[in-house]
Amino acid sequence: MSAILTSLRNTVVASFVLAAGLFVLYLGWGGGVDYTFWTFLFRWLHVISGVMWIGLLWYFNFVQIPGMPNIPDEQKPAISKVIAPSALWWFRWGAMATIVTGIVLASLNGYLLEAYTLGAMEGFYVQKHIMIGIGMWLGTIMWFNVWFVIWPNQKIALGIVPAEADVKAASARRAMLFSRTNTLLSMPMLFAMVSAQNLF
């Protein structure tokens with residue numbers, strides 16, 4: 001067991017093997033690899049990706065950003081050179097996987113255009129499509145912020161892209177403000193997504 005738990009790769013592989021075991025159980029109960037299964041699979045992948053993305057968003061905003069002033073200057077490079085770049089890699093690819101699996105899921109369920117037009121195609125009568133559309137638009141804005149504002153500015157702030165000290169400081173502030181914007185949007189986004197699946 002320690003060979004599994006002392007290696008992150010082995011832990012993740014074992015986790016997926018356990019999930020595959022549940023898939024075998026599903027097949028044993030007479031389940032099939034049909035439309036229902038594919039919509040489930042992409043919803044599951046969407047949730048996994050979203051947990052990675054929003055979990056790291058909240059880590060940055062609830063832990064790392066507030067904690068940085070309390071870290072002695074000589075220890076800050078451990079965060080900026082090691083932890084932050086790795087966390088930002090998972091953060092941005094978690095965002096990408098979330099939006100891709102969400103778009104595939106909406107397509108499979110047949111409401112992609114209805115949701116992205118916030119129900120306009122149906123005369124604004126289908127509340128579920130309006131609500132999921134709000135969630136999708138908020139998620140899309142957040143994804144855009146990650147890839148086109150937060151990450152480019154973090155590369156400057158962390159010194160991955162060379163820049164003067166004042167430019168680094170301005171980039172760090174811009175990245176923080178857009179990260180806080182995403183934190184602000186995360187609760188209504190999740191409300192819209194979950195309510196569309198459970199209230200309508």
# chains A, B, ... in the order shown; residues from 1 in each chain; ligands from 1
$ residues_around --residues "range 150-155 of chain A" --least-positions-apart "3" --cutoff "9 Å" --atoms "only C-alpha atoms" --output "VMD selection string"
chain A and resid 85 88 92 144 to 147 158 to 162 168 170 to 179
$ closest_atom_pairs --of "range 83-198 of chain A" --to "range 55-69 of chain A" --cutoff "8 Å" --atoms "only C-alpha atoms" --output "CSV"
residue,atom,partner,partner_atom,distance
A:Ala87,CA,A:Leu56,CA,7.1
A:Trp90,CA,A:Leu56,CA,8.0
A:Phe91,CA,A:Leu56,CA,5.9
A:Met176,CA,A:Ile65,CA,8.0
A:Ser179,CA,A:Leu57,CA,7.2
A:Arg180,CA,A:Asn61,CA,6.9
A:Asn182,CA,A:Leu57,CA,7.8
A:Thr183,CA,A:Leu57,CA,6.9
$ select_by_dssp --residues "range 31-117 of chain A" --states "alpha helix (DSSP H)" --output "ChimeraX atom specification"
/A:35-59,65-67,76-78,84-108,112-116
$ closest_residue --among "A:Met1, A:Ile130, A:Met189, A:Val51" --to "Leu112 in chain A" --atoms "only C-alpha atoms"
A:Ile130
$ closest_residue --among "A:Trp137, A:Trp143, A:Ile54, A:Glu114" --to "Met187 in chain A" --atoms "only C-alpha atoms"
A:Ile54
$ atom_distance --atom1 "CA of Leu185 in chain A" --atom2 "CA of Leu138 in chain A"
6.5 Å
$ residues_around --residues "Phe40 in chain A" --least-positions-apart "6" --cutoff "10 Å" --atoms "only C-alpha atoms" --output "list of chain:residue names"
A:Asp34, A:His46, A:Leu105
$ write_last_selection --atoms "C-alpha atoms" --output "PDB file, in the first residue's frame"
ATOM      1  CA  ASP A  34     -24.779   3.843 -24.693  1.00  0.00           C
ATOM      2  CA  HIS A  46     -16.350  17.630 -16.174  1.00  0.00           C
ATOM      3  CA  LEU A 105     -21.601  17.386 -22.365  1.00  0.00           C
TER       4      LEU A 105
END
$ residues_around --residues "Ile132 in chain A" --least-positions-apart "5" --cutoff "9 Å" --atoms "only C-alpha atoms" --output "list of chain:residue names"
A:Ala115, A:Tyr116, A:Leu118, A:Gln127, A:Trp137, A:Met189, A:Ala192, A:Met193, A:Val194, A:Ser195, A:Ala196, A:Gln197
$ closest_residue --among "A:Ile141, A:Leu18, A:Gly30, A:His129" --to "Leu184 in chain A" --atoms "only C-alpha atoms"
A:Ile141
